[in-house]
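Have a look at model.txt below; it lists compact mmCIF, C-alpha atoms.
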```
# COMPACT_ATOMS: atom_id res chain seq x y z
CA MET A 17 12.59 5.28 -2.86
CA PRO A 18 14.80 4.96 -5.96
CA ILE A 19 13.77 1.39 -6.78
CA PHE A 20 10.16 2.51 -7.26
CA ASN A 21 10.95 5.40 -9.58
CA ASP A 22 10.91 3.55 -12.91
CA THR A 23 8.00 5.37 -14.53
CA LYS A 24 8.54 3.60 -17.85
CA VAL A 25 7.59 0.31 -16.14
CA ALA A 26 4.87 1.90 -14.01
CA PHE A 27 2.98 3.52 -16.90
CA ALA A 28 3.79 1.15 -19.76
CA ASP A 29 0.07 0.58 -20.43
CA LYS A 30 -0.96 4.25 -20.31
CA SER A 31 -1.20 6.58 -23.29
CA ASP A 32 -0.08 10.20 -23.10
CA ALA A 33 -3.74 11.27 -23.04
CA GLN A 34 -4.53 8.95 -20.14
CA LEU A 35 -1.56 10.26 -18.18
CA ARG A 36 -2.53 13.88 -18.78
CA LYS A 37 -6.08 13.14 -17.62
CA ALA A 38 -4.77 11.38 -14.50
CA TYR A 39 -2.46 14.33 -13.79
CA TRP A 40 -5.37 16.76 -14.01
CA MET A 41 -7.47 14.58 -11.71
CA PHE A 42 -4.82 14.19 -9.01
CA LYS A 43 -4.13 17.93 -9.27
CA MET A 44 -7.78 18.60 -8.42
CA ILE A 45 -7.77 16.06 -5.57
CA GLU A 46 -4.65 17.73 -4.15
CA GLN A 47 -6.74 20.75 -3.10
CA PRO A 48 -8.64 19.89 0.15
CA ALA A 49 -11.22 22.68 -0.12
CA LEU A 50 -11.92 21.92 -3.76
CA THR A 51 -12.16 18.19 -3.04
CA SER A 52 -14.59 18.75 -0.16
CA LEU A 53 -16.84 21.01 -2.21
CA GLY A 54 -16.56 18.92 -5.35
CA THR A 55 -17.40 15.60 -3.67
CA SER A 56 -20.46 17.12 -1.94
CA VAL A 57 -21.76 18.54 -5.21
CA LEU A 58 -20.96 15.29 -7.01
CA ASN A 59 -22.90 13.15 -4.53
CA PHE A 60 -25.89 15.50 -4.80
CA THR A 61 -25.99 15.73 -8.59
CA VAL A 62 -25.53 12.01 -9.22
CA HIS A 63 -28.06 11.08 -6.52
CA ASN A 64 -30.56 13.37 -8.22
CA ASN A 65 -29.94 11.83 -11.65
CA PHE A 66 -28.20 14.65 -13.51
CA PRO A 67 -27.35 12.56 -16.62
CA PHE A 68 -24.51 14.73 -17.93
CA VAL A 69 -22.75 14.50 -14.55
CA THR A 70 -22.83 10.70 -14.65
CA GLY A 71 -21.09 10.82 -18.04
CA ILE A 72 -18.41 13.17 -16.74
CA VAL A 73 -17.80 10.98 -13.67
CA LYS A 74 -17.51 7.85 -15.80
CA SER A 75 -14.84 9.39 -18.04
CA THR A 76 -12.80 10.82 -15.14
CA LEU A 77 -12.82 9.51 -11.54
CA PHE A 78 -14.57 6.28 -12.46
CA GLU A 79 -12.19 5.51 -15.31
CA GLN A 80 -9.16 6.18 -13.08
CA PHE A 81 -10.23 4.15 -10.05
CA CYS A 82 -12.76 1.54 -11.29
CA GLY A 83 -12.70 -1.39 -13.67
CA GLY A 84 -16.18 -0.94 -15.11
CA GLU A 85 -19.87 -1.08 -14.25
CA THR A 86 -19.98 -4.89 -14.38
CA ARG A 87 -17.58 -7.78 -13.88
CA GLU A 88 -17.69 -8.54 -17.58
CA GLU A 89 -16.85 -4.96 -18.49
CA SER A 90 -14.03 -4.99 -15.90
CA MET A 91 -12.40 -8.09 -17.40
CA LYS A 92 -10.58 -5.93 -19.94
CA VAL A 93 -8.68 -4.34 -17.04
CA VAL A 94 -8.22 -7.71 -15.30
CA LYS A 95 -6.59 -9.22 -18.38
CA GLN A 96 -4.41 -6.17 -18.95
CA LEU A 97 -3.15 -6.24 -15.36
CA PHE A 98 -2.52 -9.98 -15.42
CA LYS A 99 -0.37 -9.67 -18.55
CA ARG A 100 1.92 -7.64 -16.30
CA GLY A 101 1.75 -10.22 -13.50
CA VAL A 102 -0.72 -8.27 -11.33
CA GLY A 103 -3.89 -9.90 -10.03
CA SER A 104 -7.25 -8.20 -9.56
CA ILE A 105 -9.58 -8.25 -6.57
CA PHE A 106 -13.13 -7.42 -7.59
CA ASP A 107 -14.52 -4.89 -5.11
CA TYR A 108 -18.26 -4.42 -5.51
CA SER A 109 -18.18 -0.85 -4.24
CA ILE A 110 -21.75 -0.17 -3.20
CA GLU A 111 -21.74 1.91 -0.01
CA GLY A 112 -24.15 3.76 2.25
CA LYS A 113 -27.20 1.46 2.04
CA GLU A 114 -28.67 -0.26 5.10
CA ASP A 115 -31.71 -2.29 4.05
CA GLU A 116 -32.06 -6.06 4.09
CA GLU A 117 -32.85 -6.18 0.38
CA THR A 118 -29.52 -4.52 -0.45
CA PHE A 119 -27.61 -6.77 1.99
CA ASP A 120 -29.06 -9.85 0.29
CA ALA A 121 -28.37 -8.44 -3.16
CA VAL A 122 -24.72 -7.70 -2.30
CA CYS A 123 -24.31 -11.17 -0.80
CA LYS A 124 -25.62 -12.66 -4.04
CA GLU A 125 -23.22 -10.47 -6.02
CA ILE A 126 -20.25 -11.68 -3.95
CA LYS A 127 -21.32 -15.29 -4.55
CA ASP A 128 -21.47 -14.54 -8.27
CA ILE A 129 -17.94 -13.08 -8.09
CA ILE A 130 -16.71 -16.29 -6.43
CA ARG A 131 -18.21 -18.50 -9.14
CA PHE A 132 -17.05 -16.09 -11.85
CA SER A 133 -13.46 -16.27 -10.57
CA VAL A 134 -13.15 -20.05 -10.13
CA GLY A 135 -10.12 -21.36 -11.96
CA ASN A 136 -8.89 -17.88 -12.88
CA PRO A 137 -5.51 -17.04 -11.26
CA ALA A 138 -5.93 -13.43 -12.36
CA ILE A 139 -8.52 -13.07 -9.56
CA PRO A 140 -6.71 -14.45 -6.47
CA PHE A 141 -8.96 -12.99 -3.73
CA ILE A 142 -12.61 -12.29 -2.98
CA VAL A 143 -13.41 -9.30 -0.76
CA PHE A 144 -16.37 -7.78 1.07
CA LYS A 145 -17.08 -5.15 3.72
CA PRO A 146 -18.86 -6.26 6.91
CA THR A 147 -21.37 -3.40 6.55
CA ALA A 148 -22.28 -4.74 3.11
CA PHE A 149 -24.03 -7.54 5.04
CA GLY A 150 -25.48 -5.67 8.02
CA ARG A 151 -26.05 -2.34 9.73
CA ILE A 152 -23.10 -0.71 11.48
CA ASP A 153 -25.25 0.02 14.56
CA LEU A 154 -26.02 -3.68 14.86
CA TYR A 155 -22.32 -4.60 14.71
CA GLU A 156 -21.68 -2.01 17.42
CA ALA A 157 -24.41 -3.41 19.66
CA VAL A 158 -23.15 -6.98 19.24
CA GLY A 159 -19.54 -5.93 19.82
CA ASN A 160 -20.49 -4.07 22.99
CA GLY A 161 -22.37 -7.07 24.33
CA SER A 162 -25.64 -5.12 24.42
CA GLU A 163 -28.88 -6.95 25.04
CA LEU A 164 -30.48 -7.46 21.63
CA THR A 165 -34.19 -7.39 20.96
CA SER A 166 -35.79 -10.39 19.28
CA SER A 167 -35.79 -8.62 15.92
CA GLN A 168 -32.13 -7.64 16.35
CA LYS A 169 -31.22 -11.24 17.14
CA GLU A 170 -32.94 -12.35 13.93
CA GLU A 171 -31.19 -9.57 12.02
CA TRP A 172 -27.78 -10.59 13.41
CA ALA A 173 -28.47 -14.22 12.54
CA ARG A 174 -28.92 -13.11 8.92
CA VAL A 175 -25.57 -11.27 9.05
CA VAL A 176 -23.83 -14.40 10.35
CA LYS A 177 -25.56 -16.47 7.67
CA ARG A 178 -24.30 -14.17 4.91
CA PHE A 179 -20.75 -14.35 6.28
CA ASP A 180 -20.92 -18.11 6.50
CA GLU A 181 -22.39 -18.60 3.03
CA ILE A 182 -19.57 -16.56 1.44
CA CYS A 183 -16.80 -18.25 3.44
CA SER A 184 -18.29 -21.70 2.79
CA LEU A 185 -18.49 -21.08 -0.96
CA CYS A 186 -14.91 -19.82 -1.00
CA HIS A 187 -13.82 -22.92 0.91
CA GLU A 188 -15.69 -25.11 -1.57
CA HIS A 189 -13.97 -23.46 -4.56
CA ASP A 190 -10.57 -22.90 -2.91
CA LYS A 191 -10.76 -19.10 -3.18
CA LYS A 192 -9.27 -16.78 -0.57
CA VAL A 193 -11.67 -14.20 0.90
CA MET A 194 -10.66 -11.00 2.68
CA VAL A 195 -13.02 -9.21 5.07
CA ASP A 196 -12.34 -5.49 5.07
CA ALA A 197 -11.98 -3.52 8.30
CA GLU A 198 -14.12 -0.49 9.03
CA GLU A 199 -14.77 1.85 11.98
CA THR A 200 -13.42 0.78 15.39
CA TRP A 201 -16.84 0.87 17.07
CA MET A 202 -18.10 -1.95 14.88
CA GLN A 203 -14.87 -3.90 14.48
CA ASP A 204 -15.04 -6.15 17.57
CA ALA A 205 -18.11 -7.94 16.23
CA ALA A 206 -16.54 -8.25 12.77
CA ASP A 207 -13.32 -9.61 14.30
CA HIS A 208 -15.23 -12.25 16.27
CA LEU A 209 -17.09 -13.32 13.14
CA CYS A 210 -13.81 -13.61 11.24
CA GLU A 211 -12.32 -15.70 14.05
CA GLU A 212 -15.31 -18.07 13.89
CA MET A 213 -14.98 -18.36 10.12
CA MET A 214 -11.21 -18.96 10.33
CA GLU A 215 -11.67 -21.71 12.88
CA LYS A 216 -14.32 -23.31 10.67
CA TYR A 217 -12.75 -22.92 7.21
CA ASN A 218 -8.98 -22.44 7.74
CA GLN A 219 -8.19 -25.92 9.03
CA GLU A 220 -6.00 -26.80 6.03
CA LYS A 221 -5.00 -23.38 4.63
CA PRO A 222 -5.92 -19.71 5.04
CA ILE A 223 -9.21 -19.29 3.17
CA VAL A 224 -10.67 -16.52 5.38
CA TRP A 225 -8.51 -13.40 5.88
CA ASN A 226 -9.30 -10.59 8.32
CA THR A 227 -8.06 -6.99 7.93
CA ILE A 228 -5.87 -5.36 10.57
CA GLN A 229 -5.59 -1.56 10.69
CA MET A 230 -2.18 -0.72 12.12
CA TYR A 231 -2.96 2.96 12.69
CA ARG A 232 -5.07 1.65 15.56
CA THR A 233 -3.77 0.99 19.05
CA GLY A 234 -3.89 -2.57 20.38
CA ARG A 235 -3.81 -4.33 17.03
CA LEU A 236 -0.46 -6.05 17.56
CA GLU A 237 -1.74 -7.45 20.83
CA TYR A 238 -4.88 -8.65 19.06
CA MET A 239 -2.80 -10.51 16.48
CA GLU A 240 -0.75 -12.17 19.23
CA GLU A 241 -3.92 -13.33 20.99
CA ASN A 242 -5.41 -14.59 17.74
CA LEU A 243 -2.23 -16.51 16.95
CA GLN A 244 -2.38 -18.23 20.33
CA ARG A 245 -6.03 -19.12 19.68
CA ALA A 246 -5.15 -20.46 16.22
CA ARG A 247 -2.38 -22.65 17.63
CA GLU A 248 -4.70 -24.01 20.33
CA LYS A 249 -7.52 -24.73 17.89
CA ASN A 250 -5.23 -25.70 15.01
CA TYR A 251 -6.25 -23.37 12.21
CA PHE A 252 -4.40 -20.97 9.90
CA ILE A 253 -4.62 -17.18 9.85
CA GLY A 254 -4.82 -14.83 6.90
CA TYR A 255 -4.43 -11.08 7.40
CA LYS A 256 -4.68 -8.08 5.17
CA ILE A 257 -2.44 -5.56 6.93
CA VAL A 258 -3.12 -1.88 6.24
CA ARG A 259 -2.55 1.41 7.99
CA GLY A 260 -6.19 2.58 7.90
CA ALA A 261 -8.52 5.08 6.33
CA TYR A 262 -10.89 6.56 8.93
CA MET A 263 -8.53 8.66 11.03
CA GLU A 264 -10.40 11.99 11.06
CA LYS A 265 -13.73 10.29 11.73
CA GLU A 266 -12.24 8.17 14.52
CA ARG A 267 -10.56 11.09 16.28
CA ALA A 268 -13.67 13.27 16.03
CA ARG A 269 -15.95 10.59 17.46
CA ALA A 270 -13.58 9.81 20.32
CA ALA A 271 -13.43 13.50 21.25
CA GLU A 272 -17.19 13.91 20.96
CA LYS A 273 -18.02 10.87 23.09
CA GLY A 274 -15.14 11.26 25.54
CA TYR A 275 -13.31 7.96 25.13
CA ALA A 276 -9.63 7.30 24.46
CA ASP A 277 -8.51 8.01 20.90
CA PRO A 278 -8.13 4.57 19.25
CA ILE A 279 -5.66 5.90 16.66
CA GLN A 280 -1.89 5.99 17.07
CA PRO A 281 -0.80 9.47 18.25
CA THR A 282 1.46 10.25 15.26
CA LYS A 283 2.18 9.16 11.71
CA GLU A 284 5.54 7.86 12.95
CA ALA A 285 3.80 5.71 15.57
CA SER A 286 1.51 4.26 12.88
CA ASP A 287 4.52 3.49 10.68
CA LYS A 288 6.31 1.83 13.60
CA ASN A 289 3.23 -0.26 14.33
CA TYR A 290 2.92 -1.26 10.67
CA ASN A 291 6.55 -2.34 10.66
CA ALA A 292 5.92 -4.39 13.81
CA GLY A 293 3.08 -6.07 11.93
CA ILE A 294 5.52 -6.98 9.16
CA ASP A 295 7.84 -8.56 11.73
CA PHE A 296 4.93 -10.44 13.30
CA VAL A 297 4.05 -12.04 9.98
CA MET A 298 7.64 -12.87 9.04
CA ASN A 299 8.19 -14.56 12.40
CA HIS A 300 5.07 -16.73 12.17
CA LEU A 301 4.78 -17.82 8.53
CA ASP A 302 4.06 -21.36 9.69
CA LYS A 303 0.60 -20.14 10.75
CA VAL A 304 0.13 -16.65 9.34
CA SER A 305 -0.20 -15.43 5.74
CA ALA A 306 -0.40 -11.74 4.87
CA PHE A 307 -1.58 -9.40 2.18
CA PHE A 308 0.32 -6.15 2.77
CA GLY A 309 -1.95 -3.41 1.53
CA THR A 310 0.24 -0.35 1.24
CA HIS A 311 1.01 2.61 -0.99
CA ASN A 312 4.12 3.34 1.03
CA GLU A 313 7.41 2.76 -0.80
CA ILE A 314 9.41 2.44 2.42
CA SER A 315 7.10 -0.24 3.81
CA SER A 316 7.16 -2.13 0.53
CA GLU A 317 10.95 -2.14 0.43
CA LEU A 318 11.11 -3.15 4.09
CA ILE A 319 8.95 -6.21 3.38
CA MET A 320 11.24 -7.12 0.48
CA ASP A 321 14.31 -6.74 2.69
CA LYS A 322 12.79 -8.87 5.47
CA MET A 323 11.94 -11.59 2.95
CA LYS A 324 15.47 -11.55 1.57
CA ALA A 325 17.02 -11.65 5.06
CA LYS A 326 14.96 -14.74 5.88
CA SER A 327 15.64 -16.37 2.47
CA ILE A 328 11.95 -16.25 1.57
CA GLU A 329 11.47 -16.52 -2.19
CA ASN A 330 9.82 -13.55 -3.93
CA GLY A 331 6.78 -15.57 -4.98
CA ASN A 332 6.15 -17.18 -1.59
CA PRO A 333 2.39 -17.98 -1.52
CA HIS A 334 2.02 -16.69 2.05
CA ILE A 335 2.98 -13.11 1.17
CA TYR A 336 1.09 -10.72 -1.11
CA PHE A 337 1.45 -7.03 -1.83
CA GLY A 338 -1.58 -4.93 -2.74
CA GLN A 339 -2.52 -1.47 -3.96
CA LEU A 340 -5.66 0.19 -5.23
CA TYR A 341 -6.37 0.30 -8.95
CA GLY A 342 -5.42 3.69 -10.35
CA MET A 343 -2.76 4.36 -7.73
CA SER A 344 0.86 3.45 -6.96
CA ASP A 345 1.50 1.70 -10.27
CA ASN A 346 5.19 2.41 -9.64
CA ILE A 347 5.04 -0.03 -6.70
CA SER A 348 2.70 -2.65 -8.17
CA PHE A 349 4.46 -3.16 -11.48
CA TYR A 350 7.97 -3.03 -10.04
CA LEU A 351 7.04 -5.80 -7.60
CA SER A 352 5.32 -7.92 -10.23
CA ASP A 353 8.32 -7.47 -12.52
CA LYS A 354 10.49 -8.96 -9.77
CA GLY A 355 8.23 -11.98 -9.27
CA TYR A 356 6.40 -10.94 -6.08
CA ASN A 357 2.70 -11.70 -5.59
CA VAL A 358 0.78 -8.50 -6.30
CA ALA A 359 -2.92 -7.72 -6.65
CA LYS A 360 -4.89 -4.55 -7.17
CA TYR A 361 -8.26 -3.79 -5.58
CA LEU A 362 -10.51 -3.27 -8.60
CA PRO A 363 -13.79 -1.54 -7.72
CA TYR A 364 -16.77 -1.90 -10.02
CA GLY A 365 -20.50 -1.20 -10.06
CA PRO A 366 -23.03 1.22 -11.57
CA VAL A 367 -21.59 4.74 -11.68
CA LYS A 368 -24.35 6.20 -9.51
CA ASP A 369 -23.87 3.56 -6.82
CA VAL A 370 -20.07 3.79 -6.84
CA VAL A 371 -19.92 7.59 -6.39
CA PRO A 372 -19.88 7.36 -2.54
CA TYR A 373 -16.80 5.11 -2.85
CA LEU A 374 -15.15 7.47 -5.34
CA THR A 375 -15.76 10.56 -3.21
CA ARG A 376 -14.46 8.75 -0.11
CA ARG A 377 -11.36 7.74 -2.05
CA ALA A 378 -10.83 11.34 -3.18
CA ARG A 379 -11.08 12.60 0.40
CA GLU A 380 -8.69 9.90 1.63
CA ASN A 381 -6.15 10.86 -1.02
CA THR A 382 -6.40 14.47 0.11
CA SER A 383 -5.85 13.55 3.77
CA VAL A 384 -2.90 11.17 3.27
CA ALA A 385 0.21 13.31 3.45
CA GLY A 386 2.25 13.18 0.25
CA GLN A 387 0.21 10.51 -1.56
CA THR A 388 -1.28 12.75 -4.24
CA GLY A 389 1.98 14.63 -4.66
CA ARG A 390 3.83 11.37 -5.32
CA GLU A 391 1.31 10.39 -7.98
CA LEU A 392 1.64 13.79 -9.64
CA GLY A 393 5.42 13.70 -9.54
CA LEU A 394 5.60 10.26 -11.14
CA ILE A 395 3.14 11.17 -13.91
CA LYS A 396 5.01 14.40 -14.63
CA LYS A 397 8.32 12.52 -14.76
CA GLU A 398 6.95 10.00 -17.25
CA LEU A 399 5.42 12.64 -19.52
CA GLU A 400 8.77 14.46 -19.53
CA ARG A 401 10.62 11.23 -20.29
CA ARG A 402 8.33 10.57 -23.27
CA ARG A 403 8.95 14.07 -24.67
CA LYS A 404 12.71 13.54 -24.82
```

Serialized structure, structure tokens:
Amino acid sequence: MPIFNDTKVAFADKSDAQLRKAYWMFKMIEQPALTSLGTSVLNFTVHNNFPFVTGIVKSTLFEQFCGGETREESMKVVKQLFKRGVGSIFDYSIEGKEDEETFDAVCKEIKDIIRFSVGNPAIPFIVFKPTAFGRIDLYEAVGNGSELTSSQKEEWARVVKRFDEICSLCHEHDKKVMVDAEETWMQDAADHLCEEMMEKYNQEKPIVWNTIQMYRTGRLEYMEENLQRAREKNYFIGYKIVRGAYMEKERARAAEKGYADPIQPTKEASDKNYNAGIDFVMNHLDKVSAFFGTHNEISSELIMDKMKAKSIENGNPHIYFGQLYGMSDNISFYLSDKGYNVAKYLPYGPVKDVVPYLTRRARENTSVAGQTGRELGLIKKELERRRK
């Protein structure tokens, strides 16, 4: 959309060298076969401690999509973004581990993020993934209502305890916390936990925010049911509303196991559902707050138009826009320039541990129609503008 085409604003903080490096990177990601091969090789070499590969990753993918290896190192990015009116959401991006020691360590890290961010408006949200606190198979069993063994019951109690400790600490320090959504087969249990935490900690304001994937079927109905529950039990709702990021995996599993595909049948249907989610929020701002996570220019402009039509001020505290660090700067900085609430997901962590996140992000960029091409077009436009 024309309003998001101001590349001078979008890339004001980037040098020519940084833009050329980003262009090269997105050009590589644009090739599905190359991305698939490259991410497989990358995971193998980093996992097996090839030191030169770690250095290459840190100066390319990591630099583009991550803030640093630690919170302290990432603060340079946080401060730079906040000078432009964009907040940061620390995302401790450790993925693919399923042992209790790691779950406890990540929980401790999230607590440290909360304490680290107290009193700092540049860090408006805390975030964590449900599977950072427990095994996906356990979430699935709980969500399905399966009979748990004694050890599984103890394991689930530890998951609930981790959730509660994070939400309680956020409530204590008045920090908003978003719980990411993941695969559909584990999401029912995560949703129920979020509902419990909302009822407990959202009595005065939305502290706990759940994530709703609008490329799924049945999500609008879920939000309606949750709103009715919130009105009955008198608590507030916070939602991060996204399209979703597991489409190929979801479709493949549904076909393999012979159940109904949980994903909307077409891209247009997903877009329509996302727009319905926007309407849902706008019609229930007395109870519902939303963080619209989107890299879609049309959706972003639609939200702006809906706000204007309802005379909702740009900086209304119940409405946030969000994008990932390293992407869609044309959206983020335009919105912040106009006084909207904007925050970037800012992943961080040791390079070796963050590689699974980076390779997943590369694959997602390849699979999202037009996303990489838009990034390339904007970078090319800005480099040409600077040469004039």

Phe42 of chain A proximity check over A:Leu236, A:Ile314, A:Leu392, A:Met194, using all atoms listed in the file: winner is A:Leu392

Dump as CSV the rows for residues of segment 102-220 of chain A within 7 Å of segment 249-269 of chain A: closest atom pair and distance in Å with one decimal, only C-alpha atoms counted, ordered by chain and rising residue number.
```
residue,atom,partner,partner_atom,distance
A:Glu199,CA,A:Tyr262,CA,6.8
A:Met214,CA,A:Ile253,CA,6.8
A:Glu215,CA,A:Tyr251,CA,5.7
A:Asn218,CA,A:Phe252,CA,5.3
A:Gln219,CA,A:Tyr251,CA,4.5
```

Rank nothing, just name the residue among A:Gly101, A:Gly135, A:Gly355, A:Gly365 nearest to Val122 of chain A, using all atoms listed in the file.
-> A:Gly365

So what do you get for atom CA of Val370 of chain A versus atom CA of Lys74 of chain A, distance-wise?
->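 Computed distance, atom CA of Val370 of chain A to atom CA of Lys74 of chain A, equals 10.2 Å.
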
Fewer than 6 positions away in the same chain doesn't count, so skip those; otherwise give me all residues within 8 Å of segment 182-193 of chain A, counting all atoms listed in the file, as number ranges by chain.
-> A: 123, 126-127, 130-131, 134, 140-144, 213, 217, 222-225

Hey, can you spit out that residue selection with C-alpha atoms as a PDB file, in the frame of the given file?
```
ATOM      1  CA  CYS A 123     -24.310 -11.170  -0.800  1.00  0.00           C
ATOM      2  CA  ILE A 126     -20.250 -11.680  -3.950  1.00  0.00           C
ATOM      3  CA  LYS A 127     -21.320 -15.290  -4.550  1.00  0.00           C
ATOM      4  CA  ILE A 130     -16.710 -16.290  -6.430  1.00  0.00           C
ATOM      5  CA  ARG A 131     -18.210 -18.500  -9.140  1.00  0.00           C
ATOM      6  CA  VAL A 134     -13.150 -20.050 -10.130  1.00  0.00           C
ATOM      7  CA  PRO A 140      -6.710 -14.450  -6.470  1.00  0.00           C
ATOM      8  CA  PHE A 141      -8.960 -12.990  -3.730  1.00  0.00           C
ATOM      9  CA  ILE A 142     -12.610 -12.290  -2.980  1.00  0.00           C
ATOM     10  CA  VAL A 143     -13.410  -9.300  -0.760  1.00  0.00           C
ATOM     11  CA  PHE A 144     -16.370  -7.780   1.070  1.00  0.00           C
ATOM     12  CA  MET A 213     -14.980 -18.360  10.120  1.00  0.00           C
ATOM     13  CA  TYR A 217     -12.750 -22.920   7.210  1.00  0.00           C
ATOM     14  CA  PRO A 222      -5.920 -19.710   5.040  1.00  0.00           C
ATOM     15  CA  ILE A 223      -9.210 -19.290   3.170  1.00  0.00           C
ATOM     16  CA  VAL A 224     -10.670 -16.520   5.380  1.00  0.00           C
ATOM     17  CA  TRP A 225      -8.510 -13.400   5.880  1.00  0.00           C
TER      18      TRP A 225
END
```

Surrounding residues of Arg100 of chain A excluding itself and chain neighbours under 4 positions, 12 Å, only C-alpha atoms, as a PDB file with C-alpha atoms, keeping the file's coordinate frame:
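Output (around_5.pdb):
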```pdb
ATOM      1  CA  VAL A  25       7.590   0.310 -16.140  1.00  0.00           C
ATOM      2  CA  ALA A  26       4.870   1.900 -14.010  1.00  0.00           C
ATOM      3  CA  PHE A  27       2.980   3.520 -16.900  1.00  0.00           C
ATOM      4  CA  ALA A  28       3.790   1.150 -19.760  1.00  0.00           C
ATOM      5  CA  ASP A  29       0.070   0.580 -20.430  1.00  0.00           C
ATOM      6  CA  VAL A  93      -8.680  -4.340 -17.040  1.00  0.00           C
ATOM      7  CA  VAL A  94      -8.220  -7.710 -15.300  1.00  0.00           C
ATOM      8  CA  LYS A  95      -6.590  -9.220 -18.380  1.00  0.00           C
ATOM      9  CA  GLN A  96      -4.410  -6.170 -18.950  1.00  0.00           C
ATOM     10  CA  SER A 104      -7.250  -8.200  -9.560  1.00  0.00           C
ATOM     11  CA  ALA A 138      -5.930 -13.430 -12.360  1.00  0.00           C
ATOM     12  CA  ASP A 345       1.500   1.700 -10.270  1.00  0.00           C
ATOM     13  CA  SER A 348       2.700  -2.650  -8.170  1.00  0.00           C
ATOM     14  CA  PHE A 349       4.460  -3.160 -11.480  1.00  0.00           C
ATOM     15  CA  TYR A 350       7.970  -3.030 -10.040  1.00  0.00           C
ATOM     16  CA  LEU A 351       7.040  -5.800  -7.600  1.00  0.00           C
ATOM     17  CA  SER A 352       5.320  -7.920 -10.230  1.00  0.00           C
ATOM     18  CA  ASP A 353       8.320  -7.470 -12.520  1.00  0.00           C
ATOM     19  CA  LYS A 354      10.490  -8.960  -9.770  1.00  0.00           C
ATOM     20  CA  GLY A 355       8.230 -11.980  -9.270  1.00  0.00           C
ATOM     21  CA  TYR A 356       6.400 -10.940  -6.080  1.00  0.00           C
ATOM     22  CA  ASN A 357       2.700 -11.700  -5.590  1.00  0.00           C
ATOM     23  CA  VAL A 358       0.780  -8.500  -6.300  1.00  0.00           C
ATOM     24  CA  ALA A 359      -2.920  -7.720  -6.650  1.00  0.00           C
ATOM     25  CA  LYS A 360      -4.890  -4.550  -7.170  1.00  0.00           C
TER      26      LYS A 360
END
```

What is the distance, in Å and to one decimal place, between atom CA of Ser167 of chain A and atom CA of Glu212 of chain A?
->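 We find that atom CA of Ser167 of chain A and atom CA of Glu212 of chain A lie 22.6 Å from each other.
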
Using all atoms listed in the file, which residues sit within 8 Å of Leu77 of chain A once same-chain residues fewer than 5 positions away are excluded, as number ranges by chain?
-> A: 41, 82, 374

Excluding Ala148 of chain A and any residue of its chain fewer than 6 positions from it, enumerate the residues within 9 Å of it, using all atoms listed in the file, and give them as an mmCIF file with C-alpha atoms, keeping the file's coordinate frame.
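Once written, result-v1.cif looks like this:
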```cif
data_model
loop_
_atom_site.group_PDB
_atom_site.id
_atom_site.type_symbol
_atom_site.label_atom_id
_atom_site.label_comp_id
_atom_site.auth_asym_id
_atom_site.auth_seq_id
_atom_site.Cartn_x
_atom_site.Cartn_y
_atom_site.Cartn_z
ATOM 1 C CA ILE A 110 -21.750 -0.170 -3.200
ATOM 2 C CA GLU A 111 -21.740 1.910 -0.010
ATOM 3 C CA GLY A 112 -24.150 3.760 2.250
ATOM 4 C CA LYS A 113 -27.200 1.460 2.040
ATOM 5 C CA GLU A 114 -28.670 -0.260 5.100
ATOM 6 C CA THR A 118 -29.520 -4.520 -0.450
ATOM 7 C CA PHE A 119 -27.610 -6.770 1.990
ATOM 8 C CA ASP A 120 -29.060 -9.850 0.290
ATOM 9 C CA VAL A 122 -24.720 -7.700 -2.300
ATOM 10 C CA CYS A 123 -24.310 -11.170 -0.800
#
```

Within-9 Å shell of (6.7, 7.2, -15.4) in input frame, only C-alpha atoms, as a count of residues only | 19

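Reported to one decimal place, the separation of atom CA of Glu220 of chain A from atom CA of Lys124 of chain A is 26.2 Å.
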
Find, counting only C-alpha atoms, the residue in A:Ile129, A:Leu340, A:Ala285, A:Val73 that gets nearest to Pro363 of chain A.
->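 Selected residue with least distance to Pro363 of chain A: A:Leu340.
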
Is there a way to get, as a list in words, all residues within 6 Å of the point (1.2, -18.1, 4.8) in file coordinates, counting only C-alpha atoms?
-> Leu301, Val304, Ser305 and His334 of chain A

Find the residues around segment 172-177 of chain A up to 12 Å (all atoms listed in the file counted), leave out those fewer than 4 positions away in its own chain, and share them as a ChimeraX atom specification.
-> /A:115-117,119-120,122-123,145-159,164-168,181-184,205-206,208-210,212-213

From the list A:Arg232, A:Lys99, A:Lys368, A:Arg245, which residue is nearest Thr282 of chain A when using all atoms listed in the file?
->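 Checking each of A:Arg232, A:Lys99, A:Lys368, A:Arg245 against Thr282 of chain A, counting all atoms listed in the file, the winner is A:Arg232.
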
Where's the centre, and what are the edge lengths in Å to one decimal, of a box along x, y and z enclosing all listed atoms of segment 300-312 of chain A padded 6 Å per side, as AutoDock Vina command-line options?
```
--center_x 1.6 --center_y -9.0 --center_z 5.6 --size_x 19.0 --size_y 36.7 --size_z 25.2
```
